[in-house]
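**Student:** Let me give you the structure first, and then I'll get to my questions.
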Amino acid sequence: PPALRSVASVAPAASLAPQIATLAPLLPPEIVAAGATAQMLRAAATVFPASGIGFEARLDGDPADVDLCVRVIPEDRSAAILGGWHPRHKLSTPLAADPYWQRLARLTRLLWAEEDMLLRPFVQRLGLELDKADLDGACARPSIVFFDLPDTAAAHSAGLVRTLTDIVLPLALERSLPGRQRQLIAAAVAAAAPFARLRHIGASMTRPDPAVRLVFGLPLAQVGACLAALGYGARAHPIGTGTRMISGGLDPVALQIDVTEGLGPRIGIEFHASRGADWMAMLQRLVRHRLCNPERAIALAGWQRAPQELQSPDRSAYASRIPDDAADLGEGLPVRLLNHVKVSFLPDGSLSAKIYLYAGFVWRRVETATQVPALARART
């Protein structure tokens with residue numbers, strides 16, 4: 001739409017706006033209303049580019065109430081832009097001046113500025129959620145930060161958990177966690193270890209919510225047993241049963257719990273699928289359980305698409321590396337996926353569901369592209 005293109009045209013160099021503008025006409029209005037798309041595009045004008053973008057929407061809520069998600073990783077060089085050692089791209093002035101982004105920039109340097117950084121083995125990527133309420137103003141602000149942990153047995157270790165609770169999270173939040181909360185997080189990870197592996201740990205940056213969210217990956221059949229071991233008592237078995245009914249056999253799943261000075265009442269279950277047929281069946285089950293209406297299910301079924309260019313023998317000519325030339329950002333090709341559905345189980349027995357749309361961008365390779373120097377060399 002012309003209004004969206006006009007916002008993109010005034011965006012500063014190396015922003016996320018060209019990518020959001022590419023996706024704007026593709027977002028299903030039943031899930032993401034036009035007003036929400038326009039708001040995200042305005043916010044993207046000051047946000048740095050990234051190869052992974054997501055949209056969080058409530059399946060039973062207002063399609064105008066949508067949150068923007070951004071993936072930060074070393075491999076596509078979004079981490080280098082956020083951290084300040086990219087040779088071509090820098091943060092926009094509003095982001096560079098914002099205290100929340102400053103925290104994340106410092107942390108990104110401590111994680112990935114050099115190959116031998118002490119904290120590098122503990123965090124693979126950052127997942128940033130920018131709530132609708134935090135999209136307006138001088139710049140969009142990160143509402144929640146998730147840290148993706150290594151896919152190794154080390155994710156069970158007390159040392160990794162202590163590193164996250166005692167170093168990484170305090171650096172992101174600019175405060176230490178209370179001792180009771182740290183102890184409960186360690187105890188929860190240990191209790192879940194026979195059934196599940198810790199995958200992500202997250203915390204609110206702008207929300208007035210002190211909870212730390214733990215996300216475990218586990219087999220479908222172990223959900224009830226894991227919840228019982230965590231201390232959810234009589235709720236454990238019914239939630240395990242409900243999870244099996246909704247999953248239709250999708251396995252494994254992910255379990256979300258919140259930890260403050262106790263365990264939070266809301267329990268989230270994430271369902272992931274890699275095949276189109278599995279997603280169609282999942283959407284049908286969500287409709288059957290009245291977690292999604294048929295119109296939204298149909299709209300979601302049409303979201304998943306891969307560009308024709310990536311289905312040709314020439315697909316190796318494309319990569320997720322962010323181009324050095326900001327003029328090329330709008331040439332990225334989006335691979336559109338349904339990332340996951342999250343169903344929340346509440347203490348009163350009610351359920352609610354969210355969908356997470358994902359777009360992974362690739363650009364044509366440039367053989368002469370500048371290599372990202374190490375932070376120390378970039379400062380010389």
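Chain labels A, B, ... are given in the sequence in which chains occur in the structure tokens; within each chain residues are numbered consecutively from 1, and ligands are likewise numbered from 1 in the order shown.
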Could you list, as a VMD selection string, every residue within 8 Å of Gln124 (chain A), counting only C-alpha atoms and ignoring same-chain residues fewer than 3 positions away?

**Tutor:** chain A and resid 73 120 to 121 147 to 150

**Student:** Residues as selected, N, CA, C and O atoms, written as a PDB file, in the first residue's frame, can you do that?

**Tutor:**
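Below is the file result.pdb, written as the result:
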```
ATOM      1  N   ILE A  73      21.577 -13.063  15.637  1.00  0.00           N
ATOM      2  CA  ILE A  73      22.548 -14.156  15.616  1.00  0.00           C
ATOM      3  C   ILE A  73      23.865 -13.653  15.037  1.00  0.00           C
ATOM      4  O   ILE A  73      23.888 -12.697  14.259  1.00  0.00           O
ATOM      5  N   ARG A 120      30.462 -16.953  25.029  1.00  0.00           N
ATOM      6  CA  ARG A 120      29.981 -17.404  23.714  1.00  0.00           C
ATOM      7  C   ARG A 120      29.390 -18.815  23.732  1.00  0.00           C
ATOM      8  O   ARG A 120      28.355 -19.065  23.092  1.00  0.00           O
ATOM      9  N   PRO A 121      29.966 -19.791  24.446  1.00  0.00           N
ATOM     10  CA  PRO A 121      29.398 -21.140  24.405  1.00  0.00           C
ATOM     11  C   PRO A 121      28.036 -21.271  25.071  1.00  0.00           C
ATOM     12  O   PRO A 121      27.358 -22.286  24.895  1.00  0.00           O
ATOM     13  N   PHE A 147      17.070 -16.019  25.482  1.00  0.00           N
ATOM     14  CA  PHE A 147      18.395 -16.521  25.186  1.00  0.00           C
ATOM     15  C   PHE A 147      18.261 -17.992  24.785  1.00  0.00           C
ATOM     16  O   PHE A 147      17.765 -18.809  25.564  1.00  0.00           O
ATOM     17  N   ASP A 148      18.677 -18.314  23.558  1.00  0.00           N
ATOM     18  CA  ASP A 148      18.640 -19.692  23.075  1.00  0.00           C
ATOM     19  C   ASP A 148      19.912 -20.394  23.503  1.00  0.00           C
ATOM     20  O   ASP A 148      21.028 -19.910  23.242  1.00  0.00           O
ATOM     21  N   LEU A 149      19.750 -21.535  24.145  1.00  0.00           N
ATOM     22  CA  LEU A 149      20.871 -22.246  24.741  1.00  0.00           C
ATOM     23  C   LEU A 149      21.421 -23.293  23.772  1.00  0.00           C
ATOM     24  O   LEU A 149      20.742 -23.712  22.832  1.00  0.00           O
ATOM     25  N   PRO A 150      22.646 -23.734  23.991  1.00  0.00           N
ATOM     26  CA  PRO A 150      23.241 -24.736  23.091  1.00  0.00           C
ATOM     27  C   PRO A 150      22.481 -26.046  23.152  1.00  0.00           C
ATOM     28  O   PRO A 150      21.970 -26.439  24.221  1.00  0.00           O
TER      29      PRO A 150
END
```

**Student:** Show me, as JSON lines, the residues of region 251-330 of chain A having an atom within 6 Å of region 348-366 of chain A, each with the closest atom pair and its distance in Å, using only C-alpha atoms.

**Tutor:**
```
{"residue": "A:Ala317", "atom": "CA", "partner": "A:Arg365", "partner_atom": "CA", "distance": 5.6}
{"residue": "A:Tyr318", "atom": "CA", "partner": "A:Arg364", "partner_atom": "CA", "distance": 4.3}
{"residue": "A:Ala319", "atom": "CA", "partner": "A:Val362", "partner_atom": "CA", "distance": 5.0}
{"residue": "A:Ser320", "atom": "CA", "partner": "A:Val362", "partner_atom": "CA", "distance": 4.3}
```

**Student:** Neighbours of Val161 (chain A) within 12 Å (only C-alpha atoms; same-chain residues fewer than 2 positions away dropped), as a PyMOL selection string?

**Tutor:** chain A and resi 122-123+147+149-150+154-159+163-169+182-190+197-201+214

**Student:** Only N, CA and C atoms, please: the residues just picked out, written as a short mmCIF file (atom, residue, chain, number, x, y, z; two decimals), in the first residue's frame.

**Tutor:**
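Now in result-v1.cif:
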```cif
data_model
loop_
_atom_site.label_atom_id
_atom_site.label_comp_id
_atom_site.auth_asym_id
_atom_site.auth_seq_id
_atom_site.Cartn_x
_atom_site.Cartn_y
_atom_site.Cartn_z
N PHE A 122 27.62 -20.27 25.83
CA PHE A 122 26.41 -20.41 26.63
C PHE A 122 25.15 -19.91 25.92
N VAL A 123 25.28 -19.07 24.90
CA VAL A 123 24.12 -18.49 24.23
C VAL A 123 24.33 -18.57 22.72
N PHE A 147 17.07 -16.02 25.48
CA PHE A 147 18.39 -16.52 25.19
C PHE A 147 18.26 -17.99 24.78
N LEU A 149 19.75 -21.54 24.15
CA LEU A 149 20.87 -22.25 24.74
C LEU A 149 21.42 -23.29 23.77
N PRO A 150 22.65 -23.73 23.99
CA PRO A 150 23.24 -24.74 23.09
C PRO A 150 22.48 -26.05 23.15
N ALA A 154 25.04 -29.93 28.02
CA ALA A 154 25.44 -28.87 28.94
C ALA A 154 24.25 -28.02 29.37
N ALA A 155 23.15 -28.07 28.60
CA ALA A 155 21.97 -27.29 28.97
C ALA A 155 21.37 -27.77 30.28
N HIS A 156 21.74 -28.98 30.71
CA HIS A 156 21.27 -29.48 32.01
C HIS A 156 22.16 -29.00 33.15
N SER A 157 23.34 -28.53 32.84
CA SER A 157 24.35 -28.35 33.88
C SER A 157 24.04 -27.18 34.79
N ALA A 158 24.40 -27.36 36.07
CA ALA A 158 24.22 -26.29 37.04
C ALA A 158 25.07 -25.09 36.68
N GLY A 159 26.23 -25.32 36.05
CA GLY A 159 27.11 -24.22 35.67
C GLY A 159 26.49 -23.33 34.62
N THR A 163 25.42 -19.45 35.11
CA THR A 163 25.93 -18.42 34.21
C THR A 163 24.81 -17.53 33.70
N LEU A 164 23.67 -18.15 33.37
CA LEU A 164 22.53 -17.37 32.89
C LEU A 164 21.92 -16.52 34.00
N THR A 165 21.70 -17.10 35.16
CA THR A 165 21.01 -16.36 36.23
C THR A 165 21.91 -15.36 36.93
N ASP A 166 23.22 -15.63 36.96
CA ASP A 166 24.12 -14.77 37.75
C ASP A 166 24.88 -13.76 36.90
N ILE A 167 24.97 -14.01 35.57
CA ILE A 167 25.75 -13.10 34.73
C ILE A 167 24.92 -12.55 33.58
N VAL A 168 24.39 -13.44 32.73
CA VAL A 168 23.76 -13.00 31.49
C VAL A 168 22.47 -12.22 31.76
N LEU A 169 21.55 -12.78 32.55
CA LEU A 169 20.31 -12.07 32.83
C LEU A 169 20.54 -10.75 33.57
N ARG A 182 16.66 -17.31 41.99
CA ARG A 182 17.77 -18.08 41.41
C ARG A 182 17.74 -19.52 41.87
N GLN A 183 17.45 -19.72 43.15
CA GLN A 183 17.38 -21.09 43.68
C GLN A 183 16.24 -21.88 43.04
N LEU A 184 15.10 -21.23 42.85
CA LEU A 184 13.96 -21.93 42.25
C LEU A 184 14.22 -22.27 40.79
N ILE A 185 14.90 -21.39 40.07
CA ILE A 185 15.24 -21.69 38.67
C ILE A 185 16.14 -22.90 38.60
N ALA A 186 17.18 -22.92 39.43
CA ALA A 186 18.09 -24.07 39.45
C ALA A 186 17.36 -25.35 39.82
N ALA A 187 16.44 -25.26 40.81
CA ALA A 187 15.70 -26.44 41.24
C ALA A 187 14.76 -26.93 40.15
N ALA A 188 14.14 -25.99 39.42
CA ALA A 188 13.22 -26.37 38.36
C ALA A 188 13.95 -27.08 37.22
N VAL A 189 15.12 -26.56 36.83
CA VAL A 189 15.89 -27.20 35.77
C VAL A 189 16.32 -28.59 36.19
N ALA A 190 16.74 -28.74 37.44
CA ALA A 190 17.16 -30.05 37.95
C ALA A 190 15.98 -31.02 38.00
N ARG A 197 14.84 -31.02 28.33
CA ARG A 197 16.09 -30.25 28.20
C ARG A 197 15.76 -28.77 28.11
N LEU A 198 16.45 -27.96 28.88
CA LEU A 198 16.24 -26.51 28.84
C LEU A 198 16.72 -25.97 27.50
N ARG A 199 15.81 -25.29 26.78
CA ARG A 199 16.12 -24.76 25.45
C ARG A 199 16.31 -23.25 25.44
N HIS A 200 15.46 -22.55 26.17
CA HIS A 200 15.49 -21.08 26.16
C HIS A 200 15.23 -20.57 27.57
N ILE A 201 15.74 -19.39 27.84
CA ILE A 201 15.44 -18.71 29.09
C ILE A 201 15.21 -17.25 28.74
N LEU A 214 11.22 -20.16 31.64
CA LEU A 214 12.01 -21.33 31.24
C LEU A 214 11.24 -22.09 30.18
#
```

**Student:** List every residue of region 22-231 of chain A that DSSP, applied to the backbone of this structure, places in helix (DSSP H, G or I), and write the result as a PyMOL selection string.

**Tutor:** chain A and resi 22-26+34-44+78-83+93-97+99-112+120-122+132-134+153-156+158-173+179-192+220-230

**Student:** List the neighbours of Gly217 (chain A) out to 10 Å using only C-alpha atoms; skip same-chain residues closer than 5 positions along the sequence, and give me the result as a ChimeraX atom specification.

**Tutor:** /A:195-200,223,251-256,269-270

**Student:** When you count only C-alpha atoms, which of these residues is closest to Asp76 (chain A): A:Pro294, A:Gly224, A:Pro323, A:Pro178?

**Tutor:**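 Smallest distance to Asp76 (chain A) is found for A:Pro323.
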